[in-house]
Amino acid sequence: SELAHRIAHFARFPQTGVSLRQMVEFGRKPSQGTLLRAAQFLHDELPIRLAHRVVELDSLPDNLNQMPSVLRVKRMYIDSFNELINFPRVSERIKEAVKAATVQGMTERRHLSGSSPNPAVGDIQRGSSSPPPSHWIPRIQHRYHYEVQPAELPIDVAEYNRSFVKALERIKRRHDPVVTALAQGVVEYKQQQKSDTIDARVQHFLDRFYLSRIGIRMLIGQQIELNQPQKLPDYVGVICTHTTIASVVQEAIDNARFICGDYYMLMNVPEIELHCPHDLAFMYVPSHLHHMVFELLKNSLRAVVELYGDEAERYPPIKVVIAEGNEDITVKVSDEGGGIPRSAMEQVWQYMYTTAQTPMLDPSFDKSDFKAPLAGFGYGLPLSRLYARYFGGDLKLISMEGYGTDAYLHLSRLSNNEEPLA
Ligand code: W6P
């Protein structure tokens with residue numbers, strides 16, 4: 001069909017990664033003109049990324065590509081692709097106005113800084129039928145701030161931005177159930193294969209797919225947020241330029257201990273010691289950091305409580321140590337929960353390895369909230385590792401069977417890392 005043809009066409013173009021730094025510099029006090037440029041980038045980039053995912057869903061092995069849950073997910077990607085390519089392009093009149101305003105803004109800057117702006121900046125030209133020559137965003141010279149007064153631009157720039165944000169909100173909402181839908185697919189797949197482990201190809205596919213989803217949602221989330229009035233001083237969209245690690249980790253500690261005490265109905269919840277320079281801060285997405293640390297702590301608490309029983313008077317404390325290096329900030333979470341046998345280490349990273357999968361098959365199970373507290377190695381660990389990798393970090397586990405486990409969460413301080421696009 002025509003649509004299938006267009007998807008195949010877009011999937012032949014490379015995806016363009018954006019670094020944390022670019023997201024921030026693109027979005028600091030954005031004018032309507034800057035927001036429009038960001039919208040143009042997304043209008044080109046998102047269909048390319050979505051098309052890649054459709055092609056990958058289509059090529060899943062073992063008839064996995066025919067499962068109802070997988071087809072439902074594919075439908076969402078196709079629908080969003082279709083909406084984006086049918087969304088109107090920025091009119092020539094608006095383009096000209098933004099370009100004129102941009103050049104003027106840049107000239108003023110040059111006057112101030114004494115250096116010469118890149119004349120190619122701000123010139124994005126392509127026909128409406130063909131996808132973009134990729135990689136234009138990285139070429140933007142962020143030294144030149146082409147901010148202009150909104151009054152210099154036609155009113156419909158703001159209107160265009162608003163309607164594009166509406167389209168993005170709709171798309172983001174449509175894809176909310178993707179993780180649970182695919183999880184369902186994996187459960188069905190395992191039942192069909194009569195196996196408790198998933199094929200390396202499927203594992204690889206899911207890693208790529210969810211990593212891509214993190215990136216797409218990050219870009220969409222940034223665009224939506226940047227079009228709202230700025231709420232907090234250090235924030236650019238969902239990125240905090242001054243994320244204080246100690247406070248985010250302390251919040252995760254409090255939440256994990258609360259959930260744990262609640263779940264096991266404990267009199268005493270294991271202590272969690274935090275060793276962190278109290279003012280250590282870096283540029284990051286606080287919600288991602290919270291998510292990852294919370295996930296690690298839940299695993300450690302669970303291991304400790306299950307080893308010592310829910311009536312123990314005292315548990316060995318869990319220790320969180322944060323180290324500041326030049327490249328990385330590393331968060332180490334150490335528990336004395338008995339450790340993991342070496343032979344089971346691989347399984348920790350598998351999607352839906354444990355019986356935590358059963359609630360998903362229960363029709364009364366609330367799909368919008370599938371983070372069952374302390375459910376174990378369901379999706380928490382593999383997804384946390386993807387969140388870490390998304391901004392150039394990683395997550396590793398080292399375990400001593402018969403003693404305990406150390407989790408190392410490496411977070412890259414070099415915010416120049418481009419998104420990994422798998
Ligand atoms: C365990 C198993 C585990 C997974 C992830 C993090 C910590 C721990 N501790 O026993």
# chains A, B, ... in the order shown; residues from 1 in each chain; ligands from 1

$ residues_around --residues "Ser384 of chain A" --least-positions-apart "4" --cutoff "10 Å" --atoms "only C-alpha atoms" --output "list in words"
His288, Leu289, His291, Met292, Val293, Phe294, Glu295, Leu296, Trp349, Tyr379, Gly380, Ala388, Arg389, Tyr390, Asp394, Leu395 and Leu409 of chain A

$ write_last_selection --atoms "C-alpha atoms" --output "PDB file, in the first residue's frame"
ATOM      1  CA  HIS A 288      15.091   9.028  35.304  1.00  0.00           C
ATOM      2  CA  LEU A 289      17.583   9.083  38.168  1.00  0.00           C
ATOM      3  CA  HIS A 291      13.397   5.675  38.663  1.00  0.00           C
ATOM      4  CA  MET A 292      16.714   3.807  38.388  1.00  0.00           C
ATOM      5  CA  VAL A 293      17.814   4.195  42.015  1.00  0.00           C
ATOM      6  CA  PHE A 294      14.333   3.354  43.297  1.00  0.00           C
ATOM      7  CA  GLU A 295      14.402   0.174  41.208  1.00  0.00           C
ATOM      8  CA  LEU A 296      17.797  -0.900  42.566  1.00  0.00           C
ATOM      9  CA  TRP A 349      18.433  -8.690  32.515  1.00  0.00           C
ATOM     10  CA  TYR A 379      11.008  -5.065  33.699  1.00  0.00           C
ATOM     11  CA  GLY A 380      12.598  -2.876  36.311  1.00  0.00           C
ATOM     12  CA  ALA A 388      21.201   4.675  32.128  1.00  0.00           C
ATOM     13  CA  ARG A 389      22.490   3.915  28.623  1.00  0.00           C
ATOM     14  CA  TYR A 390      20.245   6.457  26.997  1.00  0.00           C
ATOM     15  CA  ASP A 394      25.361   1.987  32.216  1.00  0.00           C
ATOM     16  CA  LEU A 395      24.159  -0.333  34.952  1.00  0.00           C
ATOM     17  CA  LEU A 409      24.902   2.795  38.216  1.00  0.00           C
TER      18      LEU A 409
END

$ residues_near_ligand --ligand "ligand 1" --cutoff "10 Å" --atoms "only C-alpha atoms and all ligand atoms" --output "PDB file with N, CA, C and O atoms, in the first residue's frame"
ATOM      1  N   VAL A 293      17.354   4.460  40.643  1.00  0.00           N
ATOM      2  CA  VAL A 293      17.814   4.195  42.015  1.00  0.00           C
ATOM      3  C   VAL A 293      16.706   3.507  42.819  1.00  0.00           C
ATOM      4  O   VAL A 293      16.952   2.551  43.554  1.00  0.00           O
ATOM      5  N   GLU A 295      14.460   1.557  41.675  1.00  0.00           N
ATOM      6  CA  GLU A 295      14.402   0.174  41.208  1.00  0.00           C
ATOM      7  C   GLU A 295      15.491  -0.680  41.869  1.00  0.00           C
ATOM      8  O   GLU A 295      15.218  -1.786  42.340  1.00  0.00           O
ATOM      9  N   LEU A 296      16.704  -0.152  41.933  1.00  0.00           N
ATOM     10  CA  LEU A 296      17.797  -0.900  42.566  1.00  0.00           C
ATOM     11  C   LEU A 296      17.512  -1.126  44.042  1.00  0.00           C
ATOM     12  O   LEU A 296      17.707  -2.223  44.572  1.00  0.00           O
ATOM     13  N   LEU A 297      17.041  -0.087  44.714  1.00  0.00           N
ATOM     14  CA  LEU A 297      16.771  -0.192  46.150  1.00  0.00           C
ATOM     15  C   LEU A 297      15.668  -1.211  46.439  1.00  0.00           C
ATOM     16  O   LEU A 297      15.761  -1.972  47.405  1.00  0.00           O
ATOM     17  N   LYS A 298      14.653  -1.241  45.615  1.00  0.00           N
ATOM     18  CA  LYS A 298      13.577  -2.219  45.810  1.00  0.00           C
ATOM     19  C   LYS A 298      14.133  -3.640  45.725  1.00  0.00           C
ATOM     20  O   LYS A 298      13.779  -4.499  46.534  1.00  0.00           O
ATOM     21  N   ASN A 299      15.006  -3.866  44.757  1.00  0.00           N
ATOM     22  CA  ASN A 299      15.611  -5.191  44.621  1.00  0.00           C
ATOM     23  C   ASN A 299      16.451  -5.550  45.841  1.00  0.00           C
ATOM     24  O   ASN A 299      16.392  -6.678  46.333  1.00  0.00           O
ATOM     25  N   SER A 300      17.231  -4.595  46.315  1.00  0.00           N
ATOM     26  CA  SER A 300      18.078  -4.855  47.479  1.00  0.00           C
ATOM     27  C   SER A 300      17.230  -5.097  48.722  1.00  0.00           C
ATOM     28  O   SER A 300      17.491  -6.031  49.494  1.00  0.00           O
ATOM     29  N   LEU A 301      16.220  -4.261  48.929  1.00  0.00           N
ATOM     30  CA  LEU A 301      15.346  -4.426  50.098  1.00  0.00           C
ATOM     31  C   LEU A 301      14.672  -5.795  50.064  1.00  0.00           C
ATOM     32  O   LEU A 301      14.604  -6.500  51.077  1.00  0.00           O
ATOM     33  N   ARG A 302      14.200  -6.157  48.909  1.00  0.00           N
ATOM     34  CA  ARG A 302      13.517  -7.432  48.766  1.00  0.00           C
ATOM     35  C   ARG A 302      14.464  -8.579  49.120  1.00  0.00           C
ATOM     36  O   ARG A 302      14.102  -9.500  49.865  1.00  0.00           O
ATOM     37  N   ALA A 303      15.694  -8.506  48.594  1.00  0.00           N
ATOM     38  CA  ALA A 303      16.658  -9.578  48.862  1.00  0.00           C
ATOM     39  C   ALA A 303      16.940  -9.682  50.360  1.00  0.00           C
ATOM     40  O   ALA A 303      16.951 -10.777  50.937  1.00  0.00           O
ATOM     41  N   VAL A 304      17.136  -8.539  51.001  1.00  0.00           N
ATOM     42  CA  VAL A 304      17.470  -8.537  52.429  1.00  0.00           C
ATOM     43  C   VAL A 304      16.300  -9.061  53.262  1.00  0.00           C
ATOM     44  O   VAL A 304      16.471  -9.922  54.132  1.00  0.00           O
ATOM     45  N   GLU A 306      13.823 -10.937  52.310  1.00  0.00           N
ATOM     46  CA  GLU A 306      13.532 -12.348  52.070  1.00  0.00           C
ATOM     47  C   GLU A 306      14.602 -13.254  52.677  1.00  0.00           C
ATOM     48  O   GLU A 306      14.301 -14.388  53.060  1.00  0.00           O
ATOM     49  N   LEU A 307      15.809 -12.739  52.808  1.00  0.00           N
ATOM     50  CA  LEU A 307      16.861 -13.554  53.437  1.00  0.00           C
ATOM     51  C   LEU A 307      16.677 -13.631  54.956  1.00  0.00           C
ATOM     52  O   LEU A 307      16.802 -14.696  55.552  1.00  0.00           O
ATOM     53  N   ILE A 318      21.545  -1.448  53.920  1.00  0.00           N
ATOM     54  CA  ILE A 318      21.929  -1.307  52.510  1.00  0.00           C
ATOM     55  C   ILE A 318      22.757  -0.032  52.434  1.00  0.00           C
ATOM     56  O   ILE A 318      22.429   0.966  53.093  1.00  0.00           O
ATOM     57  N   LYS A 332      26.662   3.440  43.761  1.00  0.00           N
ATOM     58  CA  LYS A 332      26.774   2.016  44.092  1.00  0.00           C
ATOM     59  C   LYS A 332      25.765   1.673  45.167  1.00  0.00           C
ATOM     60  O   LYS A 332      25.684   2.356  46.186  1.00  0.00           O
ATOM     61  N   VAL A 333      24.989   0.641  44.941  1.00  0.00           N
ATOM     62  CA  VAL A 333      24.020   0.174  45.931  1.00  0.00           C
ATOM     63  C   VAL A 333      24.458  -1.218  46.370  1.00  0.00           C
ATOM     64  O   VAL A 333      24.516  -2.138  45.553  1.00  0.00           O
ATOM     65  N   SER A 334      24.803  -1.370  47.652  1.00  0.00           N
ATOM     66  CA  SER A 334      25.295  -2.651  48.168  1.00  0.00           C
ATOM     67  C   SER A 334      24.321  -3.241  49.165  1.00  0.00           C
ATOM     68  O   SER A 334      23.930  -2.566  50.113  1.00  0.00           O
ATOM     69  N   ASP A 335      23.982  -4.496  48.937  1.00  0.00           N
ATOM     70  CA  ASP A 335      23.142  -5.170  49.927  1.00  0.00           C
ATOM     71  C   ASP A 335      23.812  -6.453  50.394  1.00  0.00           C
ATOM     72  O   ASP A 335      24.722  -6.960  49.740  1.00  0.00           O
ATOM     73  N   GLU A 336      23.348  -6.934  51.531  1.00  0.00           N
ATOM     74  CA  GLU A 336      23.804  -8.226  52.042  1.00  0.00           C
ATOM     75  C   GLU A 336      22.607  -9.166  52.040  1.00  0.00           C
ATOM     76  O   GLU A 336      22.243  -9.760  53.043  1.00  0.00           O
ATOM     77  N   GLY A 337      21.997  -9.244  50.888  1.00  0.00           N
ATOM     78  CA  GLY A 337      20.766 -10.029  50.734  1.00  0.00           C
ATOM     79  C   GLY A 337      20.991 -11.435  50.220  1.00  0.00           C
ATOM     80  O   GLY A 337      20.045 -12.074  49.752  1.00  0.00           O
ATOM     81  N   GLY A 338      22.233 -11.909  50.285  1.00  0.00           N
ATOM     82  CA  GLY A 338      22.474 -13.307  49.918  1.00  0.00           C
ATOM     83  C   GLY A 338      23.024 -13.511  48.507  1.00  0.00           C
ATOM     84  O   GLY A 338      23.513 -14.582  48.181  1.00  0.00           O
ATOM     85  N   GLY A 339      22.955 -12.475  47.692  1.00  0.00           N
ATOM     86  CA  GLY A 339      23.569 -12.558  46.365  1.00  0.00           C
ATOM     87  C   GLY A 339      22.791 -13.376  45.348  1.00  0.00           C
ATOM     88  O   GLY A 339      21.720 -13.911  45.628  1.00  0.00           O
ATOM     89  N   ILE A 340      23.346 -13.426  44.147  1.00  0.00           N
ATOM     90  CA  ILE A 340      22.721 -14.112  43.013  1.00  0.00           C
ATOM     91  C   ILE A 340      23.723 -15.153  42.514  1.00  0.00           C
ATOM     92  O   ILE A 340      24.901 -14.820  42.341  1.00  0.00           O
ATOM     93  N   PRO A 341      23.298 -16.388  42.278  1.00  0.00           N
ATOM     94  CA  PRO A 341      24.238 -17.353  41.704  1.00  0.00           C
ATOM     95  C   PRO A 341      24.730 -16.867  40.338  1.00  0.00           C
ATOM     96  O   PRO A 341      23.976 -16.246  39.597  1.00  0.00           O
ATOM     97  N   MET A 345      22.883 -14.791  36.617  1.00  0.00           N
ATOM     98  CA  MET A 345      23.144 -13.364  36.360  1.00  0.00           C
ATOM     99  C   MET A 345      22.512 -12.875  35.064  1.00  0.00           C
ATOM    100  O   MET A 345      21.956 -11.777  35.011  1.00  0.00           O
ATOM    101  N   VAL A 348      18.767 -11.957  35.093  1.00  0.00           N
ATOM    102  CA  VAL A 348      18.382 -10.710  35.747  1.00  0.00           C
ATOM    103  C   VAL A 348      18.016  -9.630  34.724  1.00  0.00           C
ATOM    104  O   VAL A 348      17.171  -8.781  34.968  1.00  0.00           O
ATOM    105  N   TRP A 349      18.656  -9.717  33.538  1.00  0.00           N
ATOM    106  CA  TRP A 349      18.433  -8.690  32.515  1.00  0.00           C
ATOM    107  C   TRP A 349      17.357  -9.080  31.522  1.00  0.00           C
ATOM    108  O   TRP A 349      17.085  -8.365  30.570  1.00  0.00           O
ATOM    109  N   GLY A 376      10.009  -7.874  41.777  1.00  0.00           N
ATOM    110  CA  GLY A 376      11.172  -8.644  41.378  1.00  0.00           C
ATOM    111  C   GLY A 376      11.697  -8.242  40.025  1.00  0.00           C
ATOM    112  O   GLY A 376      11.419  -7.149  39.558  1.00  0.00           O
ATOM    113  N   PHE A 377      12.444  -9.114  39.405  1.00  0.00           N
ATOM    114  CA  PHE A 377      13.080  -8.760  38.141  1.00  0.00           C
ATOM    115  C   PHE A 377      12.090  -8.835  36.994  1.00  0.00           C
ATOM    116  O   PHE A 377      12.209  -9.684  36.136  1.00  0.00           O
ATOM    117  N   GLY A 380      11.896  -3.945  35.614  1.00  0.00           N
ATOM    118  CA  GLY A 380      12.598  -2.876  36.311  1.00  0.00           C
ATOM    119  C   GLY A 380      14.074  -2.777  35.976  1.00  0.00           C
ATOM    120  O   GLY A 380      14.553  -1.710  35.605  1.00  0.00           O
ATOM    121  N   LEU A 381      14.781  -3.893  36.093  1.00  0.00           N
ATOM    122  CA  LEU A 381      16.223  -3.824  35.865  1.00  0.00           C
ATOM    123  C   LEU A 381      16.597  -3.607  34.402  1.00  0.00           C
ATOM    124  O   LEU A 381      17.387  -2.706  34.110  1.00  0.00           O
ATOM    125  N   LEU A 395      24.522   0.282  33.679  1.00  0.00           N
ATOM    126  CA  LEU A 395      24.159  -0.333  34.952  1.00  0.00           C
ATOM    127  C   LEU A 395      24.747  -1.733  34.989  1.00  0.00           C
ATOM    128  O   LEU A 395      24.536  -2.512  34.064  1.00  0.00           O
ATOM    129  N   LYS A 396      25.512  -2.019  36.055  1.00  0.00           N
ATOM    130  CA  LYS A 396      26.151  -3.336  36.177  1.00  0.00           C
ATOM    131  C   LYS A 396      25.898  -3.931  37.546  1.00  0.00           C
ATOM    132  O   LYS A 396      25.809  -3.197  38.529  1.00  0.00           O
ATOM    133  N   LEU A 397      25.825  -5.233  37.580  1.00  0.00           N
ATOM    134  CA  LEU A 397      25.658  -5.933  38.845  1.00  0.00           C
ATOM    135  C   LEU A 397      26.838  -6.856  39.070  1.00  0.00           C
ATOM    136  O   LEU A 397      27.270  -7.550  38.152  1.00  0.00           O
ATOM    137  N   ILE A 398      27.359  -6.834  40.302  1.00  0.00           N
ATOM    138  CA  ILE A 398      28.390  -7.785  40.706  1.00  0.00           C
ATOM    139  C   ILE A 398      27.855  -8.446  41.958  1.00  0.00           C
ATOM    140  O   ILE A 398      27.419  -7.748  42.884  1.00  0.00           O
ATOM    141  N   SER A 399      27.838  -9.756  41.948  1.00  0.00           N
ATOM    142  CA  SER A 399      27.224 -10.430  43.081  1.00  0.00           C
ATOM    143  C   SER A 399      28.143 -11.470  43.690  1.00  0.00           C
ATOM    144  O   SER A 399      28.971 -12.053  42.998  1.00  0.00           O
ATOM    145  N   MET A 400      28.028 -11.642  44.994  1.00  0.00           N
ATOM    146  CA  MET A 400      28.722 -12.724  45.689  1.00  0.00           C
ATOM    147  C   MET A 400      27.650 -13.647  46.231  1.00  0.00           C
ATOM    148  O   MET A 400      26.976 -13.312  47.212  1.00  0.00           O
ATOM    149  N   GLU A 401      27.506 -14.776  45.594  1.00  0.00           N
ATOM    150  CA  GLU A 401      26.504 -15.723  46.048  1.00  0.00           C
ATOM    151  C   GLU A 401      26.826 -16.117  47.484  1.00  0.00           C
ATOM    152  O   GLU A 401      27.974 -16.422  47.813  1.00  0.00           O
ATOM    153  N   GLY A 402      25.830 -16.076  48.323  1.00  0.00           N
ATOM    154  CA  GLY A 402      26.043 -16.411  49.736  1.00  0.00           C
ATOM    155  C   GLY A 402      26.320 -15.174  50.581  1.00  0.00           C
ATOM    156  O   GLY A 402      26.441 -15.265  51.808  1.00  0.00           O
ATOM    157  N   TYR A 403      26.399 -14.007  49.963  1.00  0.00           N
ATOM    158  CA  TYR A 403      26.632 -12.786  50.731  1.00  0.00           C
ATOM    159  C   TYR A 403      25.727 -11.627  50.299  1.00  0.00           C
ATOM    160  O   TYR A 403      24.830 -11.219  51.032  1.00  0.00           O
ATOM    161  N   GLY A 404      25.944 -11.110  49.111  1.00  0.00           N
ATOM    162  CA  GLY A 404      25.135  -9.965  48.686  1.00  0.00           C
ATOM    163  C   GLY A 404      25.482  -9.483  47.296  1.00  0.00           C
ATOM    164  O   GLY A 404      26.282 -10.100  46.594  1.00  0.00           O
ATOM    165  N   THR A 405      24.881  -8.369  46.934  1.00  0.00           N
ATOM    166  CA  THR A 405      25.002  -7.847  45.569  1.00  0.00           C
ATOM    167  C   THR A 405      25.374  -6.369  45.584  1.00  0.00           C
ATOM    168  O   THR A 405      24.866  -5.604  46.405  1.00  0.00           O
ATOM    169  N   ASP A 406      26.263  -5.998  44.666  1.00  0.00           N
ATOM    170  CA  ASP A 406      26.572  -4.581  44.431  1.00  0.00           C
ATOM    171  C   ASP A 406      26.050  -4.189  43.058  1.00  0.00           C
ATOM    172  O   ASP A 406      26.357  -4.856  42.070  1.00  0.00           O
ATOM    173  N   ALA A 407      25.280  -3.128  43.008  1.00  0.00           N
ATOM    174  CA  ALA A 407      24.834  -2.587  41.725  1.00  0.00           C
ATOM    175  C   ALA A 407      25.602  -1.296  41.485  1.00  0.00           C
ATOM    176  O   ALA A 407      25.700  -0.448  42.374  1.00  0.00           O
ATOM    177  N   TYR A 408      26.147  -1.146  40.290  1.00  0.00           N
ATOM    178  CA  TYR A 408      26.866   0.082  39.920  1.00  0.00           C
ATOM    179  C   TYR A 408      26.080   0.806  38.841  1.00  0.00           C
ATOM    180  O   TYR A 408      25.936   0.297  37.727  1.00  0.00           O
TER     181      TYR A 408
END

$ closest_residue --among "A:Arg12, A:Arg53, A:Arg75, A:His242" --to "Leu211 of chain A" --atoms "only C-alpha atoms"
A:Arg53

$ closest_residue --among "A:Glu45, A:Ala422, A:Arg314, A:Pro30" --to "Leu219 of chain A" --atoms "only C-alpha atoms"
A:Glu45

$ residues_around --residues "segment 262-266 of chain A" --least-positions-apart "2" --cutoff "12 Å" --atoms "only C-alpha atoms" --output "list in words"
Asn255, Ala256, Arg257, Phe258, Ile259, Cys260, Asn268, Val269, Pro270, Lys298, Leu301, Arg302, Val304, Val305, Glu306, Tyr308, Gly309, Asp310, Glu311, Ala312, Glu313, Arg314, Tyr315, Ala372, Pro373, Leu374 and Ala375 of chain A

$ residues_around --residues "segment 168-181 of chain A" --least-positions-apart "4" --cutoff "7 Å" --atoms "only C-alpha atoms" --output "tab-separated table (two decimals) with N, CA, C and O atoms, in the first residue's frame"
chain	number	residue	atom	x	y	z
A	69	SER	N	-0.92	-8.68	20.33
A	69	SER	CA	-0.34	-7.57	21.09
A	69	SER	C	0.71	-6.83	20.26
A	69	SER	O	0.80	-5.60	20.31
A	73	VAL	N	0.64	-2.89	18.83
A	73	VAL	CA	1.74	-1.93	18.99
A	73	VAL	C	2.14	-1.36	17.61
A	73	VAL	O	2.32	-0.15	17.46
A	76	MET	N	-0.16	1.31	16.49
A	76	MET	CA	0.09	2.62	17.13
A	76	MET	C	1.21	3.36	16.40
A	76	MET	O	1.10	4.57	16.14
A	80	SER	N	0.71	6.88	14.32
A	80	SER	CA	1.47	8.10	14.66
A	80	SER	C	2.31	8.57	13.48
A	80	SER	O	2.40	9.77	13.21
A	164	PHE	N	1.07	21.77	16.90
A	164	PHE	CA	2.03	20.65	16.84
A	164	PHE	C	2.15	19.98	18.21
A	164	PHE	O	2.21	18.75	18.29
A	185	GLY	N	2.83	-9.68	24.97
A	185	GLY	CA	3.30	-10.44	23.82
A	185	GLY	C	4.40	-11.42	24.20
A	185	GLY	O	4.42	-12.57	23.75
A	217	ARG	N	10.15	9.44	23.46
A	217	ARG	CA	9.34	10.08	24.49
A	217	ARG	C	10.07	11.25	25.16
A	217	ARG	O	9.46	12.23	25.58
A	220	ILE	N	9.70	14.11	22.58
A	220	ILE	CA	8.33	14.61	22.59
A	220	ILE	C	8.06	15.35	23.91
A	220	ILE	O	7.49	16.45	23.91
A	367	LYS	N	-3.58	-2.10	33.98
A	367	LYS	CA	-2.47	-2.01	33.02
A	367	LYS	C	-1.77	-0.66	33.04
A	367	LYS	O	-0.65	-0.53	32.58

$ closest_residue --among "A:Glu225, A:Glu273, A:Glu327, A:Asp62" --to "Met23 of chain A" --atoms "only C-alpha atoms"
A:Glu225

$ atom_distance --atom1 "atom CA of Pro61 of chain A" --atom2 "atom CA of Gln193 of chain A"
11.8 Å

$ closest_residue --among "A:Ile7, A:Leu71, A:Cys240, A:Ala51" --to "Ser287 of chain A" --atoms "only C-alpha atoms"
A:Cys240

$ select_by_dssp --residues "segment 165-201 of chain A" --states "alpha helix (DSSP H)" --output "list of chain:residue names"
A:Val165, A:Lys166, A:Ala167, A:Leu168, A:Glu169, A:Arg170, A:Ile171, A:Lys172, A:Arg173, A:Arg174, A:Val178, A:Val179, A:Thr180, A:Ala181, A:Leu182, A:Ala183, A:Gln184, A:Gly185, A:Val186, A:Val187, A:Glu188, A:Tyr189, A:Lys190, A:Gln191, A:Gln192, A:Gln193, A:Ala200, A:Arg201

$ write_last_selection --atoms "N, CA and C atoms" --output "mmCIF file, in the first residue's frame"
data_model
loop_
_atom_site.group_PDB
_atom_site.id
_atom_site.type_symbol
_atom_site.label_atom_id
_atom_site.label_comp_id
_atom_site.auth_asym_id
_atom_site.auth_seq_id
_atom_site.Cartn_x
_atom_site.Cartn_y
_atom_site.Cartn_z
ATOM 1 N N VAL A 165 2.162 20.781 19.256
ATOM 2 C CA VAL A 165 2.208 20.216 20.616
ATOM 3 C C VAL A 165 0.975 19.343 20.871
ATOM 4 N N LYS A 166 -0.178 19.813 20.401
ATOM 5 C CA LYS A 166 -1.410 19.008 20.551
ATOM 6 C C LYS A 166 -1.240 17.647 19.895
ATOM 7 N N ALA A 167 -0.681 17.664 18.679
ATOM 8 C CA ALA A 167 -0.470 16.400 17.954
ATOM 9 C C ALA A 167 0.487 15.489 18.735
ATOM 10 N N LEU A 168 1.551 16.098 19.297
ATOM 11 C CA LEU A 168 2.526 15.301 20.054
ATOM 12 C C LEU A 168 1.911 14.703 21.317
ATOM 13 N N GLU A 169 1.065 15.488 21.978
ATOM 14 C CA GLU A 169 0.427 14.989 23.205
ATOM 15 C C GLU A 169 -0.433 13.769 22.892
ATOM 16 N N ARG A 170 -1.136 13.862 21.787
ATOM 17 C CA ARG A 170 -1.991 12.768 21.347
ATOM 18 C C ARG A 170 -1.161 11.513 21.052
ATOM 19 N N ILE A 171 -0.045 11.720 20.377
ATOM 20 C CA ILE A 171 0.832 10.598 20.027
ATOM 21 C C ILE A 171 1.432 9.977 21.284
ATOM 22 N N LYS A 172 1.887 10.837 22.197
ATOM 23 C CA LYS A 172 2.499 10.322 23.422
ATOM 24 C C LYS A 172 1.496 9.473 24.188
ATOM 25 N N ARG A 173 0.263 9.966 24.284
ATOM 26 C CA ARG A 173 -0.774 9.231 25.006
ATOM 27 C C ARG A 173 -1.081 7.894 24.330
ATOM 28 N N ARG A 174 -1.142 7.931 23.004
ATOM 29 C CA ARG A 174 -1.432 6.694 22.270
ATOM 30 C C ARG A 174 -0.438 5.591 22.626
ATOM 31 N N VAL A 178 2.403 0.817 25.360
ATOM 32 C CA VAL A 178 3.311 -0.018 24.563
ATOM 33 C C VAL A 178 4.080 -1.041 25.408
ATOM 34 N N VAL A 179 4.612 -0.609 26.550
ATOM 35 C CA VAL A 179 5.438 -1.528 27.351
ATOM 36 C C VAL A 179 4.609 -2.717 27.843
ATOM 37 N N THR A 180 3.418 -2.450 28.355
ATOM 38 C CA THR A 180 2.572 -3.556 28.831
ATOM 39 C C THR A 180 2.104 -4.432 27.677
ATOM 40 N N ALA A 181 1.781 -3.820 26.547
ATOM 41 C CA ALA A 181 1.322 -4.613 25.401
ATOM 42 C C ALA A 181 2.419 -5.576 24.946
ATOM 43 N N LEU A 182 3.651 -5.073 24.845
ATOM 44 C CA LEU A 182 4.739 -5.946 24.409
ATOM 45 C C LEU A 182 5.067 -6.992 25.474
ATOM 46 N N ALA A 183 4.926 -6.599 26.751
ATOM 47 C CA ALA A 183 5.160 -7.558 27.833
ATOM 48 C C ALA A 183 4.178 -8.717 27.703
ATOM 49 N N GLN A 184 2.946 -8.373 27.418
ATOM 50 C CA GLN A 184 1.902 -9.371 27.170
ATOM 51 C C GLN A 184 2.328 -10.293 26.026
ATOM 52 N N GLY A 185 2.835 -9.682 24.974
ATOM 53 C CA GLY A 185 3.302 -10.445 23.822
ATOM 54 C C GLY A 185 4.403 -11.421 24.204
ATOM 55 N N VAL A 186 5.323 -10.971 25.076
ATOM 56 C CA VAL A 186 6.429 -11.843 25.494
ATOM 57 C C VAL A 186 5.904 -13.020 26.317
ATOM 58 N N VAL A 187 4.932 -12.755 27.179
ATOM 59 C CA VAL A 187 4.333 -13.834 27.969
ATOM 60 C C VAL A 187 3.692 -14.872 27.042
ATOM 61 N N GLU A 188 2.913 -14.377 26.072
ATOM 62 C CA GLU A 188 2.267 -15.281 25.120
ATOM 63 C C GLU A 188 3.308 -16.063 24.313
ATOM 64 N N TYR A 189 4.359 -15.357 23.951
ATOM 65 C CA TYR A 189 5.437 -15.974 23.181
ATOM 66 C C TYR A 189 6.090 -17.116 23.973
ATOM 67 N N LYS A 190 6.330 -16.845 25.279
ATOM 68 C CA LYS A 190 6.975 -17.869 26.100
ATOM 69 C C LYS A 190 6.071 -19.080 26.292
ATOM 70 N N GLN A 191 4.770 -18.803 26.387
ATOM 71 C CA GLN A 191 3.834 -19.929 26.506
ATOM 72 C C GLN A 191 3.841 -20.751 25.217
ATOM 73 N N GLN A 192 3.864 -20.043 24.106
ATOM 74 C CA GLN A 192 3.871 -20.720 22.810
ATOM 75 C C GLN A 192 5.154 -21.535 22.617
ATOM 76 N N GLN A 193 6.279 -20.934 23.026
ATOM 77 C CA GLN A 193 7.569 -21.612 22.872
ATOM 78 C C GLN A 193 7.807 -22.655 23.964
ATOM 79 N N ALA A 200 17.647 -14.820 22.371
ATOM 80 C CA ALA A 200 18.560 -13.681 22.367
ATOM 81 C C ALA A 200 18.124 -12.610 21.354
ATOM 82 N N ARG A 201 17.551 -13.061 20.226
ATOM 83 C CA ARG A 201 17.094 -12.090 19.213
ATOM 84 C C ARG A 201 15.946 -11.240 19.749
#

$ atom_distance --atom1 "atom CA of Ala4 of chain A" --atom2 "atom CA of Ser163 of chain A"
26.1 Å

$ residues_around --residues "Asn227 of chain A" --least-positions-apart "6" --cutoff "10 Å" --atoms "only C-alpha atoms" --output "PyMOL selection string"
chain A and resi 27+30-32+35+158+161-162+165+237
